Structure formats: C-alpha cells, structure tokens
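Participant: File coords.txt follows (compact mmCIF, C-alpha atoms):
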```txt
# COMPACT_ATOMS: atom_id res chain seq x y z
CA MET A 95 -54.73 48.44 -22.31
CA ALA A 96 -56.27 51.30 -20.36
CA THR A 97 -57.99 50.09 -17.21
CA THR A 98 -59.04 53.57 -16.08
CA SER A 99 -62.50 55.03 -16.63
CA LYS A 100 -64.60 57.92 -15.41
CA ILE A 101 -67.03 57.09 -12.67
CA GLU A 102 -69.81 59.06 -10.98
CA LEU A 103 -69.09 59.97 -7.37
CA GLU A 104 -72.13 58.08 -6.12
CA ASP A 105 -70.99 54.90 -7.87
CA ALA A 106 -67.42 55.42 -6.64
CA LEU A 107 -68.60 55.66 -3.04
CA ALA A 108 -70.54 52.43 -3.49
CA LEU A 109 -67.43 50.48 -4.53
CA GLY A 110 -66.53 47.64 -2.18
CA PRO A 111 -63.92 47.62 0.59
CA SER A 112 -61.27 46.21 -1.77
CA TRP A 113 -61.05 49.65 -3.41
CA ARG A 114 -58.77 52.41 -2.15
CA HIS A 115 -59.73 56.07 -2.44
CA LEU A 116 -57.24 58.73 -3.48
CA CYS A 117 -58.05 62.45 -3.29
CA TYR A 118 -56.06 65.34 -4.65
CA ALA A 119 -56.63 69.02 -5.35
CA MET A 120 -55.63 71.71 -7.77
CA LEU A 121 -55.17 74.86 -5.67
CA TYR A 122 -55.22 78.09 -7.64
CA ALA A 123 -55.64 81.83 -7.18
CA PRO A 124 -56.11 84.87 -9.39
CA ASN A 125 -52.81 86.72 -9.75
CA PRO A 126 -52.74 90.26 -11.17
CA GLY A 127 -48.93 90.17 -11.51
CA THR A 128 -46.91 90.50 -14.69
CA LEU A 129 -43.56 89.29 -15.97
CA PHE A 130 -40.93 91.16 -18.00
CA GLY A 131 -42.18 94.66 -17.28
CA GLY A 132 -45.83 93.93 -18.02
CA ARG A 133 -45.35 92.08 -21.29
CA VAL A 134 -46.57 88.75 -19.87
CA LEU A 135 -49.72 88.57 -17.72
CA LEU A 136 -49.66 85.88 -15.03
CA SER A 137 -53.49 85.89 -14.68
CA TYR A 138 -53.57 82.99 -12.20
CA SER A 139 -51.20 80.96 -10.05
CA VAL A 140 -51.81 77.21 -10.06
CA LEU A 141 -49.91 74.87 -7.72
CA MET A 142 -48.50 71.46 -8.54
CA SER A 143 -45.99 69.42 -6.57
CA MET A 144 -42.85 67.52 -7.50
CA ARG A 145 -43.42 64.04 -6.13
CA PHE A 146 -40.94 61.56 -4.62
CA ASP A 147 -40.99 59.66 -7.92
CA GLY A 148 -39.70 62.62 -9.95
CA ARG A 149 -43.05 63.42 -11.54
CA LEU A 150 -45.36 66.40 -11.20
CA GLY A 151 -48.83 65.94 -9.74
CA PHE A 152 -51.49 67.56 -7.61
CA PRO A 153 -51.06 67.37 -3.84
CA GLY A 154 -53.20 64.87 -1.97
CA GLY A 155 -53.06 61.23 -1.00
CA PHE A 156 -54.94 58.12 -0.01
CA VAL A 157 -57.82 58.78 2.33
CA ASP A 158 -59.21 56.30 4.79
CA ASP A 159 -62.67 55.74 3.35
CA ARG A 160 -64.03 55.37 6.86
CA SER A 161 -63.38 59.09 7.30
CA PRO A 162 -66.58 61.07 7.76
CA SER A 163 -66.08 62.31 4.21
CA LEU A 164 -63.61 62.22 1.34
CA GLU A 165 -63.04 65.93 1.82
CA GLU A 166 -62.10 65.53 5.46
CA GLY A 167 -59.56 62.89 4.45
CA LEU A 168 -58.25 65.14 1.68
CA ASN A 169 -57.82 68.12 4.02
CA LYS A 170 -55.82 65.90 6.41
CA GLU A 171 -53.61 64.74 3.53
CA LEU A 172 -53.06 68.34 2.39
CA LEU A 173 -51.96 69.22 5.92
CA LYS A 174 -49.36 66.41 5.84
CA LYS A 175 -48.19 67.23 2.32
CA LEU A 176 -48.34 71.04 2.36
CA GLY A 177 -48.16 72.01 6.02
CA GLU A 178 -50.04 74.40 8.26
CA GLY A 179 -50.62 76.92 5.45
CA VAL A 180 -53.67 74.90 4.38
CA SER A 181 -55.42 75.81 7.64
CA THR A 182 -56.74 79.04 6.08
CA PHE A 183 -59.22 77.04 3.93
CA ASN A 184 -61.03 73.73 3.61
CA VAL A 185 -61.56 71.82 0.41
CA LEU A 186 -65.32 71.22 0.35
CA SER A 187 -67.66 68.84 -1.46
CA THR A 188 -68.57 71.77 -3.72
CA ASP A 189 -64.94 71.80 -4.95
CA TYR A 190 -65.31 68.22 -6.22
CA ARG A 191 -64.76 67.83 -9.94
CA SER A 192 -64.49 64.23 -11.17
CA SER A 193 -63.47 60.67 -10.32
CA LEU A 194 -61.50 58.03 -12.18
CA ALA A 195 -61.53 54.34 -11.31
CA ASP A 196 -58.66 52.01 -12.18
CA SER A 197 -60.00 48.46 -12.20
CA LYS A 198 -56.52 46.94 -12.27
CA SER A 199 -55.05 48.64 -9.20
CA LYS A 200 -58.50 49.04 -7.57
CA VAL A 201 -57.81 52.68 -6.89
CA VAL A 202 -60.44 55.35 -7.41
CA ALA A 203 -59.08 58.89 -7.64
CA HIS A 204 -61.15 61.96 -6.81
CA PHE A 205 -60.10 65.31 -8.19
CA TYR A 206 -60.93 68.65 -6.55
CA VAL A 207 -60.32 72.19 -7.75
CA LYS A 208 -60.12 74.90 -5.09
CA CYS A 209 -59.95 78.65 -5.67
CA LEU A 210 -57.91 80.53 -3.07
CA THR A 211 -56.88 84.14 -2.68
CA LEU A 212 -53.31 84.85 -3.77
CA GLU A 213 -52.48 85.49 -0.11
CA GLN A 214 -53.77 82.04 0.87
CA LEU A 215 -51.78 80.43 -1.92
CA GLN A 216 -48.63 82.26 -0.84
CA THR A 217 -49.23 81.07 2.73
CA VAL A 218 -49.34 77.49 1.45
CA GLU A 219 -46.06 78.01 -0.41
CA ALA A 220 -44.40 79.62 2.60
CA SER A 221 -45.31 76.81 4.99
CA ALA A 222 -44.73 73.89 2.60
CA PRO A 223 -41.01 73.43 3.44
CA ARG A 224 -42.02 72.77 7.07
CA ALA A 225 -44.67 70.16 6.16
CA LYS A 226 -44.33 66.65 7.57
CA ASP A 227 -43.78 65.10 4.13
CA TYR A 228 -41.51 67.81 2.69
CA GLY A 229 -38.30 66.42 1.25
CA LEU A 230 -39.85 62.95 1.42
CA GLU A 231 -43.07 62.39 -0.53
CA VAL A 232 -43.12 66.03 -1.64
CA LEU A 233 -39.91 67.37 -3.20
CA GLY A 234 -41.22 70.87 -3.86
CA LEU A 235 -44.12 73.06 -4.95
CA VAL A 236 -44.17 74.81 -8.31
CA ARG A 237 -46.47 77.29 -9.99
CA VAL A 238 -47.67 76.38 -13.46
CA PRO A 239 -46.80 79.02 -16.09
CA LEU A 240 -50.10 79.71 -17.88
CA TYR A 241 -48.67 81.96 -20.58
CA THR A 242 -46.79 81.16 -23.76
CA LEU A 243 -43.62 83.16 -24.39
CA ARG A 244 -42.83 84.76 -27.73
CA ASP A 245 -40.89 81.73 -28.97
CA GLY A 246 -44.17 79.75 -28.91
CA ARG A 247 -42.73 77.08 -26.57
CA GLY A 248 -41.55 78.62 -23.33
CA GLY A 249 -44.20 78.73 -20.62
CA LEU A 250 -47.14 76.35 -20.61
CA PRO A 251 -46.13 74.30 -23.70
CA ALA A 252 -42.66 73.51 -22.28
CA PHE A 253 -44.13 72.95 -18.81
CA LEU A 254 -46.47 70.30 -20.24
CA GLU A 255 -43.43 68.39 -21.57
CA ASN A 256 -42.40 67.60 -18.00
CA SER A 257 -43.08 64.18 -16.42
CA PHE A 258 -46.55 63.91 -14.85
CA ILE A 259 -48.18 61.22 -12.80
CA GLY A 260 -51.22 59.50 -14.26
CA VAL A 261 -53.63 61.90 -15.93
CA ALA A 262 -52.56 64.98 -13.94
CA ARG A 263 -51.50 66.81 -17.10
CA GLU A 264 -54.84 66.22 -18.82
CA GLN A 265 -56.74 67.15 -15.66
CA LEU A 266 -54.76 70.38 -15.43
CA LEU A 267 -55.70 71.36 -18.99
CA ASP A 268 -59.35 70.35 -18.58
CA ALA A 269 -59.65 72.36 -15.38
CA LEU A 270 -57.96 75.41 -16.93
CA GLN A 271 -60.32 75.24 -19.87
CA ASP A 272 -63.44 74.82 -17.71
CA LEU A 273 -62.41 77.75 -15.53
CA GLY A 274 -62.05 79.91 -18.64
CA ILE A 275 -58.33 80.40 -17.94
CA LEU A 276 -57.40 78.75 -21.24
CA ALA A 277 -59.33 79.27 -24.47
CA PRO A 278 -60.81 76.00 -25.83
CA GLU A 279 -58.69 76.18 -28.99
CA THR A 280 -55.49 76.67 -26.96
CA ALA A 281 -56.38 73.76 -24.67
CA SER A 282 -57.17 71.62 -27.69
CA ASP A 283 -53.83 72.45 -29.37
CA LEU A 284 -51.93 71.63 -26.18
CA LYS A 285 -53.81 68.34 -25.75
CA GLY A 286 -52.89 67.40 -29.30
CA ARG A 287 -49.21 68.01 -28.50
CA ILE A 288 -49.47 65.84 -25.40
CA VAL A 289 -50.99 62.94 -27.34
CA GLN A 290 -48.14 63.19 -29.86
CA LEU A 291 -45.53 63.43 -27.09
CA LYS A 292 -46.92 60.37 -25.29
CA GLN A 293 -47.06 58.31 -28.47
CA THR A 294 -43.48 59.23 -29.29
CA LEU A 295 -42.20 58.45 -25.80
CA ARG A 296 -43.99 55.10 -25.85
CA LEU A 297 -41.82 54.19 -28.85
CA ILE A 298 -38.73 54.25 -26.63
CA GLY A 299 -40.49 52.60 -23.72
CA THR A 300 -40.57 55.57 -21.35
CA MET B 280 -25.74 72.71 -35.37
CA ALA B 281 -24.32 72.99 -31.87
CA THR B 282 -22.72 76.35 -31.26
CA THR B 283 -21.79 75.59 -27.66
CA SER B 284 -18.36 74.48 -26.51
CA LYS B 285 -16.39 74.11 -23.32
CA ILE B 286 -14.05 76.95 -22.54
CA GLU B 287 -11.41 77.52 -19.88
CA LEU B 288 -12.31 80.15 -17.32
CA GLU B 289 -9.28 82.27 -18.18
CA ASP B 290 -10.27 82.33 -21.86
CA ALA B 291 -13.88 83.03 -20.94
CA LEU B 292 -12.89 86.04 -18.87
CA ALA B 293 -10.84 87.36 -21.82
CA LEU B 294 -13.87 87.33 -24.15
CA GLY B 295 -14.80 90.77 -25.45
CA PRO B 296 -17.55 93.11 -24.21
CA SER B 297 -20.04 91.69 -26.73
CA TRP B 298 -20.28 88.55 -24.59
CA ARG B 299 -22.67 88.19 -21.66
CA HIS B 300 -21.78 86.12 -18.61
CA LEU B 301 -24.29 83.82 -16.94
CA CYS B 302 -23.58 82.13 -13.59
CA TYR B 303 -25.57 79.44 -11.86
CA ALA B 304 -25.06 77.01 -9.02
CA MET B 305 -26.03 73.53 -7.94
CA LEU B 306 -26.65 73.73 -4.19
CA TYR B 307 -26.60 70.40 -2.39
CA ALA B 308 -26.29 68.93 1.09
CA PRO B 309 -25.79 65.50 2.63
CA ASN B 310 -29.12 64.16 3.90
CA PRO B 311 -29.22 61.15 6.23
CA GLY B 312 -33.01 60.80 5.82
CA THR B 313 -34.89 57.84 4.41
CA LEU B 314 -38.16 57.27 2.58
CA PHE B 315 -40.73 54.50 3.07
CA GLY B 316 -39.60 53.41 6.50
CA GLY B 317 -35.91 53.23 5.65
CA ARG B 318 -36.20 51.31 2.39
CA VAL B 319 -34.96 54.25 0.29
CA LEU B 320 -31.91 56.28 1.33
CA LEU B 321 -32.02 59.96 0.38
CA SER B 322 -28.20 60.35 0.72
CA TYR B 323 -28.17 63.97 -0.52
CA SER B 324 -30.57 66.78 -1.29
CA VAL B 325 -29.88 68.68 -4.52
CA LEU B 326 -31.83 71.82 -5.44
CA MET B 327 -33.12 72.80 -8.85
CA SER B 328 -35.65 75.47 -9.73
CA MET B 329 -38.70 75.55 -11.98
CA ARG B 330 -38.10 78.49 -14.28
CA PHE B 331 -40.58 80.98 -15.76
CA ASP B 332 -40.34 79.09 -19.07
CA GLY B 333 -41.61 75.81 -17.59
CA ARG B 334 -38.21 74.13 -17.55
CA LEU B 335 -35.99 72.98 -14.71
CA GLY B 336 -32.59 74.57 -14.21
CA PHE B 337 -30.06 75.65 -11.63
CA PRO B 338 -30.65 78.99 -9.92
CA GLY B 339 -28.53 81.92 -11.06
CA GLY B 340 -28.62 84.61 -13.70
CA PHE B 341 -26.73 87.07 -15.82
CA VAL B 342 -23.96 88.83 -13.96
CA ASP B 343 -22.64 92.24 -14.78
CA ASP B 344 -19.09 91.37 -15.87
CA ARG B 345 -17.87 94.62 -14.37
CA SER B 346 -18.62 93.09 -10.95
CA PRO B 347 -15.50 92.59 -8.88
CA SER B 348 -15.87 88.88 -9.61
CA LEU B 349 -18.21 86.39 -11.23
CA GLU B 350 -18.91 84.92 -7.80
CA GLU B 351 -19.98 88.24 -6.36
CA GLY B 352 -22.41 88.63 -9.25
CA LEU B 353 -23.65 85.07 -8.75
CA ASN B 354 -24.25 85.58 -5.04
CA LYS B 355 -26.31 88.70 -5.82
CA GLU B 356 -28.36 86.74 -8.37
CA LEU B 357 -28.94 83.95 -5.85
CA LEU B 358 -30.22 86.50 -3.38
CA LYS B 359 -32.76 87.77 -5.95
CA LYS B 360 -33.78 84.30 -7.07
CA LEU B 361 -33.72 82.42 -3.75
CA GLY B 362 -34.08 85.09 -1.07
CA GLU B 363 -32.38 85.85 2.21
CA GLY B 364 -31.72 82.18 2.99
CA VAL B 365 -28.59 82.35 0.84
CA SER B 366 -26.99 84.76 3.34
CA THR B 367 -25.69 81.81 5.39
CA PHE B 368 -23.09 81.04 2.70
CA ASN B 369 -21.18 82.46 -0.24
CA VAL B 370 -20.46 80.68 -3.48
CA LEU B 371 -16.68 81.02 -3.87
CA SER B 372 -14.22 80.72 -6.73
CA THR B 373 -13.27 77.31 -5.30
CA ASP B 374 -16.84 76.15 -6.07
CA TYR B 375 -16.34 76.87 -9.77
CA ARG B 376 -16.72 73.84 -12.00
CA SER B 377 -16.84 74.59 -15.73
CA SER B 378 -17.79 77.10 -18.43
CA LEU B 379 -19.63 76.77 -21.72
CA ALA B 380 -19.53 79.39 -24.48
CA ASP B 381 -22.33 79.73 -27.05
CA SER B 382 -20.88 81.53 -30.07
CA LYS B 383 -24.33 82.15 -31.57
CA SER B 384 -25.97 83.91 -28.63
CA LYS B 385 -22.62 85.20 -27.32
CA VAL B 386 -23.42 83.94 -23.85
CA VAL B 387 -20.83 82.21 -21.70
CA ALA B 388 -22.26 80.19 -18.82
CA HIS B 389 -20.31 79.42 -15.66
CA PHE B 390 -21.38 76.49 -13.49
CA TYR B 391 -20.70 76.25 -9.75
CA VAL B 392 -21.34 73.42 -7.31
CA LYS B 393 -21.74 74.34 -3.65
CA CYS B 394 -21.96 71.95 -0.71
CA LEU B 395 -24.16 73.18 2.14
CA THR B 396 -25.30 71.67 5.40
CA LEU B 397 -28.84 70.29 5.31
CA GLU B 398 -29.85 73.09 7.66
CA GLN B 399 -28.51 75.72 5.23
CA LEU B 400 -30.33 74.07 2.35
CA GLN B 401 -33.57 74.01 4.35
CA THR B 402 -33.10 77.70 5.14
CA VAL B 403 -32.85 78.40 1.41
CA GLU B 404 -36.06 76.45 0.78
CA ALA B 405 -37.89 78.19 3.61
CA SER B 406 -37.01 81.69 2.43
CA ALA B 407 -37.41 81.08 -1.32
CA PRO B 408 -41.14 81.95 -1.46
CA ARG B 409 -40.28 85.44 -0.16
CA ALA B 410 -37.53 86.04 -2.75
CA LYS B 411 -37.85 89.01 -5.10
CA ASP B 412 -38.21 86.82 -8.19
CA TYR B 413 -40.48 84.16 -6.68
CA GLY B 414 -43.59 83.52 -8.74
CA LEU B 415 -41.96 85.48 -11.57
CA GLU B 416 -38.65 84.15 -12.89
CA VAL B 417 -38.64 81.35 -10.32
CA LEU B 418 -41.82 79.25 -10.08
CA GLY B 419 -40.57 76.95 -7.34
CA LEU B 420 -37.68 74.97 -5.86
CA VAL B 421 -37.53 71.19 -6.04
CA ARG B 422 -35.22 68.56 -4.64
CA VAL B 423 -33.84 66.06 -7.13
CA PRO B 424 -34.66 62.44 -6.20
CA LEU B 425 -31.32 60.62 -6.35
CA TYR B 426 -32.69 57.10 -5.83
CA THR B 427 -34.39 54.72 -8.22
CA LEU B 428 -37.57 53.09 -6.95
CA ARG B 429 -38.26 49.39 -7.28
CA ASP B 430 -40.08 49.78 -10.61
CA GLY B 431 -36.75 50.92 -12.13
CA ARG B 432 -38.21 54.25 -13.32
CA GLY B 433 -39.58 56.25 -10.43
CA GLY B 434 -37.06 58.60 -8.84
CA LEU B 435 -34.06 59.89 -10.77
CA PRO B 436 -34.88 58.22 -14.14
CA ALA B 437 -38.39 59.75 -14.25
CA PHE B 438 -37.06 63.07 -12.94
CA LEU B 439 -34.59 63.24 -15.84
CA GLU B 440 -37.52 62.97 -18.28
CA ASN B 441 -38.70 66.42 -17.22
CA SER B 442 -37.99 69.53 -19.35
CA PHE B 443 -34.60 71.11 -18.64
CA ILE B 444 -32.98 74.29 -19.86
CA GLY B 445 -29.83 73.97 -21.94
CA VAL B 446 -27.41 71.38 -20.60
CA ALA B 447 -28.66 71.52 -16.99
CA ARG B 448 -29.62 67.84 -17.06
CA GLU B 449 -26.19 66.74 -18.27
CA GLN B 450 -24.45 69.05 -15.79
CA LEU B 451 -26.53 67.56 -12.98
CA LEU B 452 -25.46 64.02 -13.89
CA ASP B 453 -21.80 64.97 -14.39
CA ALA B 454 -21.69 66.73 -11.03
CA LEU B 455 -23.39 63.81 -9.24
CA GLN B 456 -20.89 61.42 -10.76
CA ASP B 457 -17.87 63.59 -9.91
CA LEU B 458 -19.08 63.96 -6.33
CA GLY B 459 -19.34 60.17 -6.06
CA ILE B 460 -23.10 60.43 -5.44
CA LEU B 461 -23.84 58.39 -8.58
CA ALA B 462 -21.78 55.39 -9.66
CA PRO B 463 -20.16 55.90 -13.10
CA GLU B 464 -22.14 53.03 -14.63
CA THR B 465 -25.45 54.45 -13.33
CA ALA B 466 -24.58 57.92 -14.65
CA SER B 467 -23.60 56.41 -17.97
CA ASP B 468 -26.90 54.46 -18.25
CA LEU B 469 -28.91 57.56 -17.44
CA LYS B 470 -26.96 59.65 -19.97
CA GLY B 471 -27.70 57.03 -22.62
CA ARG B 472 -31.41 57.33 -21.86
CA ILE B 473 -31.24 61.11 -22.14
CA VAL B 474 -29.56 60.93 -25.56
CA GLN B 475 -32.30 58.57 -26.74
CA LEU B 476 -35.04 60.77 -25.27
CA LYS B 477 -33.65 63.90 -26.93
CA GLN B 478 -33.31 62.21 -30.31
CA THR B 479 -36.88 60.96 -30.09
CA LEU B 480 -38.27 64.33 -29.06
CA ARG B 481 -36.39 66.01 -31.88
CA LEU B 482 -38.40 63.83 -34.27
CA ILE B 483 -41.58 65.62 -33.25
CA GLY B 484 -39.94 69.02 -33.14
CA THR B 485 -40.06 69.58 -29.39
```
What does this structure look like when you write it as structure tokens?

Facilitator:
Amino acid sequence: MATTSKIELEDALALGPSWRHLCYAMLYAPNPGTLFGGRVLLSYSVLMSMRFDGRLGFPGGFVDDRSPSLEEGLNKELLKKLGEGVSTFNVLSTDYRSSLADSKSKVVAHFYVKCLTLEQLQTVEASAPRAKDYGLEVLGLVRVPLYTLRDGRGGLPAFLENSFIGVAREQLLDALQDLGILAPETASDLKGRIVQLKQTLRLIGT
Amino acid sequence: MATTSKIELEDALALGPSWRHLCYAMLYAPNPGTLFGGRVLLSYSVLMSMRFDGRLGFPGGFVDDRSPSLEEGLNKELLKKLGEGVSTFNVLSTDYRSSLADSKSKVVAHFYVKCLTLEQLQTVEASAPRAKDYGLEVLGLVRVPLYTLRDGRGGLPAFLENSFIGVAREQLLDALQDLGILAPETASDLKGRIVQLKQTLRLIGT
C-alpha cells in the first residue's frame, strides 16, 4: 500500500525530529541545438543522474534539517554530488516545487526545479566527473531526450522505460508539462504508458 | 522473427558492399574503490552511454568499411563520441570479441572489449562533455554498478532493468562473465531475469 502523500511545505517543516528531509533538483536549460541536421529540435536540456543503485533520479540528498534552510542543505548536497560546477548558481526557495512525505520510512522529499543557462548546465556536466561522490553515489549525468523520433518510441518514450527511483519519472513529466515543454496531451499519453509499464512489471515482481 | 545471428569476423568482412559495419566498445578498468565505508566493493568500472534515443549502449558508430581497418574506424568514432580522452589508448584487433549480422537491416555489428587503467577511464569521463557528439548522439556516460545491494535489487539487477539498445545488455553480461567479473551462476540468474522482463514487456508492446 502506498505510504507516500503530498504535503505542504509548511506542514513538512513542522514534522518532528524523527523525520528526515531529502532535497533534490531538476536542473534544466533552454537549448537551441538540433539533431540530425535540424530535423529534431532539442528545445531544452534536462539533467538526471544515474545513481549507485542503477536507477535514474534527480541529484540531491539528505539535508541536515538544522541547516539554516532546506535550500542551503540542497546546495551543499549538489556540490558533493555534482562538483564545483554548481557554484555558478544557487537553488533558491523560489525554485521549490512540491514535497512528498513517506509515513513508513519517515522521509519527506522536497523537489526543486532550477532553470540555468546552457553554459551553466554545461559547466555542471564538465565538472561532475571530479565531484566528491562521482563513481560512488553518482555513476553519471545524462540529458533527458525531450523529443520523440520518427519511430514513435525512440527519445522520451524509450527514456521513460528506464529504471527510476521513487516518483522521479512522474515528477519529470509533471515539471515538463508545467514548464510548457511538453504539451498536456503528450504528458498524459506518456503517463498512461508508465502506469501500464509499472503494472506489468509488478506482475513479475520487479 | 529474429534476423540477427552470430558471424565469424572473416565472413563478416567478406560481406558485400550492401552491408554496413558498426563497431562499438566496452571500456572498463579495475577499480579498488568501495562504497558505504567499505561495505560494497566496486571491483571494476565499466562505461556505457545514454544514447540520443533514450537507451543505454556501448559507445561507437558506423565505420566506413573502406577504412584501413575496423579498429581505425572505431577509434575515430570513439573520438567523436567520447572526445579527446580516448587519445591515451587505441582499441586494437586483439580487443575484438564478436560480430552479429542482421540480415534485415544489413548491418553487421562488431563488439570490442578494452581494458584501461582507472586513470585512463577517468580521462575519458572528464573529456566526454566536450566531445563533438555530446548532448546530441551521446546524452551522457554512466558507470555500470557491478554489485548487488543488500535488498537484492539495487545495483546491477536494477541497472539491467533500464532500456538498452539491441543486445547491449546481453553483451555486457557475457563480457563480465568471460572476464571473471561476474560468477557464471550470477550471470545466469541475471540473464534469466532479462528474458522474463523482455517477454513481459513484449506483452504490452514496448
């Protein structure tokens, strides 16, 4: 049974000391580039990381809730996970998006979405292999393909069939839709596919 | 119906001009590092790339079969895909492993396995974001987790549930077994899971 539910930030911050706070961020940037001689528009570059457990997720980590703020804790985690390239920006309280509380594990997860310039995003990518946690908790950074290739599967649909931690896949689609990067009907189609995929995989216990 | 079959290199090279040759390489290095304060041994680092189509694969590409050799073509492709970091080594004919011919698409794919030092592998990772094809055909480089975490799923089992191009997943497991990195019974268990996963996914047309 699902033990995870949405929670307002104010209520999340009022949770007792038995709760741990997790913060992570979707970093993205407009990208005017094209693929295959202009036939495919990149539109944006969105970063996700391959985690130590073999699943894709957004970079971040547990923050000491005695930090002055969640954001300060998150920025410190991003420095450990992604390296010095994050020093060109700070994730701010205005980048906050939503929180989810898991009553079983007593973990409350805060999701941030941060718009960078393409140059800032490239700086993050370039410095990531020298980050403290690289090759350990972080096995690599990848850009999310936002397009769908002519076969109707390659690109975002196939990318969404990868392994994701928790609700990272759903949060990715929600954020892309809210930012106007994905049309609502496209996001809805893709979410339907994910539900079907998850139900099918549950049948074989994965 | 499967149209792909193993082929000897000599026979592959004798295929007519209507065939295209694809070469790709698994780059790996011994890694003495540990995760979680020594509880998890990394043993080796193995590189795969996130492709433009949202699937994981080994870096490489189509080689002009008029090149002096397949390997020369492969090394040029690695330079485009992975950047200047590949200049510390050359994939050689002795790194060749196997070939697969697809009679439908008329593509014959040659697989190489190259052992690097950890320093060489890190140089590849560090230069990859500056490669010609980065952010285009290559969306990122990831290390394959070779361990299984205590929950029995995190690590290699969860990693193998990602989306892979062609037979890259099976080639990864075969190579790891042949190199003695995975015990035969572990490789066999994981292959069984992949067969089950593929059959299940086929049910929903993915």

Participant: Need to verify the contact set: Ser181 in chain A, 9 Å, all atoms listed in the file, exclusion of same-chain residues closer than 5 positions in sequence. Can you return it as a CSV table (one decimal) with C-alpha atoms, keeping the file's coordinate frame?

Facilitator:
```
chain,number,residue,atom,x,y,z
A,169,ASN,CA,-57.8,68.1,4.0
A,173,LEU,CA,-52.0,69.2,5.9
A,218,VAL,CA,-49.3,77.5,1.4
```

Participant: So, counting all atoms listed in the file, which residue among A:Leu164, A:Leu235, A:Leu194, A:Val202 is closest to Ser139 in chain A?

Facilitator: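 Nearest to Ser139 in chain A: A:Leu235.
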
Participant: Find the nearest atom pair between each residue of chain B and chain A for residues within 8 Å, count all atoms listed in the file, give distances in Å to one decimal, sort rows by chain and ascending number, and present the table as a tab-separated table.

Facilitator:
```
residue	atom	partner	partner_atom	distance
B:Thr313	CA	A:Leu230	CA	7.7
B:Leu314	CA	A:Leu230	CA	6.0
B:Met329	CA	A:Val236	CA	6.6
B:Phe331	CA	A:Gly249	CA	6.5
B:Asp332	CA	A:Gly249	CA	4.2
B:Gly333	CA	A:Phe253	CA	4.0
B:Arg334	CA	A:Phe253	CA	6.2
B:Gln401	CA	A:Pro223	CA	7.5
B:Glu404	CA	A:Pro223	CA	6.4
B:Ala405	CA	A:Pro223	CA	5.7
B:Ser406	CA	A:Ala220	CA	7.7
B:Pro408	CA	A:Ala220	CA	5.7
B:Arg409	CA	A:Ala220	CA	7.6
B:Gly414	CA	A:Arg237	CA	7.0
B:Leu415	CA	A:Leu129	CA	6.0
B:Glu416	CA	A:Leu129	CA	7.7
B:Leu418	CA	A:Arg237	CA	5.0
B:Gly419	CA	A:Val236	CA	4.3
B:Leu420	CA	A:Gly234	CA	5.8
B:Val421	CA	A:Gly234	CA	4.3
B:Arg422	CA	A:Leu233	CA	5.0
B:Val423	CA	A:Leu233	CA	7.3
B:Pro424	CA	A:Gly148	CA	6.3
B:Leu428	CA	A:Asp147	CA	7.5
B:Gly433	CA	A:Asp147	CA	4.5
B:Gly434	CA	A:Asp147	CA	4.2
B:Leu435	CA	A:Gly148	CA	6.3
B:Pro436	CA	A:Gly148	CA	7.8
B:Ala437	CA	A:Gly148	CA	5.3
B:Phe438	CA	A:Gly148	CA	4.0
B:Leu439	CA	A:Gly148	CA	7.8
B:Glu440	CA	A:Ser257	CA	6.0
B:Asn441	CA	A:Asn256	CA	4.0
B:Ser442	CA	A:Asn256	CA	5.0
B:Gln475	CA	A:Ile298	CA	7.7
B:Leu476	CA	A:Leu295	CA	7.5
B:Thr479	CA	A:Thr294	CA	6.9
B:Leu480	CA	A:Thr294	CA	7.3
B:Ile483	CA	A:Leu291	CA	7.6
```

Participant: Work out how far CA of Phe205 in chain A is from CA of Ser99 in chain A, in Å to one decimal.

Facilitator: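 The value is 13.5 Å.
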
Participant: Dig up all the protein and nucleic acid residues within 8 Å of (-58.6, 50.7, -7.8) in the file frame, using only C-alpha atoms, and format them as an NGL selection string.

Facilitator: :A and (112-115 or 195-202)

Participant: Counting only C-alpha atoms, find residues at most 10 Å from (-23.3, 71.9, 1.9) (file frame) and give them as a list in words.

Facilitator: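 Protein and nucleic acid residues near the point are Leu306, Tyr307, Ala308, Pro309, Asn310, Tyr323, Ser324, Val325, Phe368, Val392, Lys393, Cys394, Leu395, Thr396, Leu397, Glu398, Gln399 and Leu400 of chain B.
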
Participant: Glu264 in chain A: which residues within 9 Å, counting all atoms listed in the file, same-chain residues fewer than 4 positions away excluded, as number ranges by chain?

Facilitator: A: 260, 268-269, 285, 288

Participant: Measure the distance from CA of Lys226 in chain A to CA of Arg263 in chain A in Å and round it to one decimal.

Facilitator: 25.7 Å

Participant: Report, in Å to a single decimal, how far apart CA of Ala203 in chain A and CA of Leu172 in chain A are.

Facilitator: 15.0 Å

Participant: Nearest to Leu458 in chain B among B:Arg481, B:Gly352, B:Asp290, B:Arg376, with distances taken over only C-alpha atoms: which residue is it?

Facilitator: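 Closest candidate: B:Arg376.
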
Participant: Kindly list the centre and edge lengths in Å, rounded to one decimal, for the axis-aligned box that covers all listed atoms of range 286-297 of chain A plus 6 Å on each of its six sides, as JSON.

Facilitator:
```
{"center_x": -47.4, "center_y": 61.1, "center_z": -27.6, "size_x": 23.1, "size_y": 25.8, "size_z": 16.6}
```
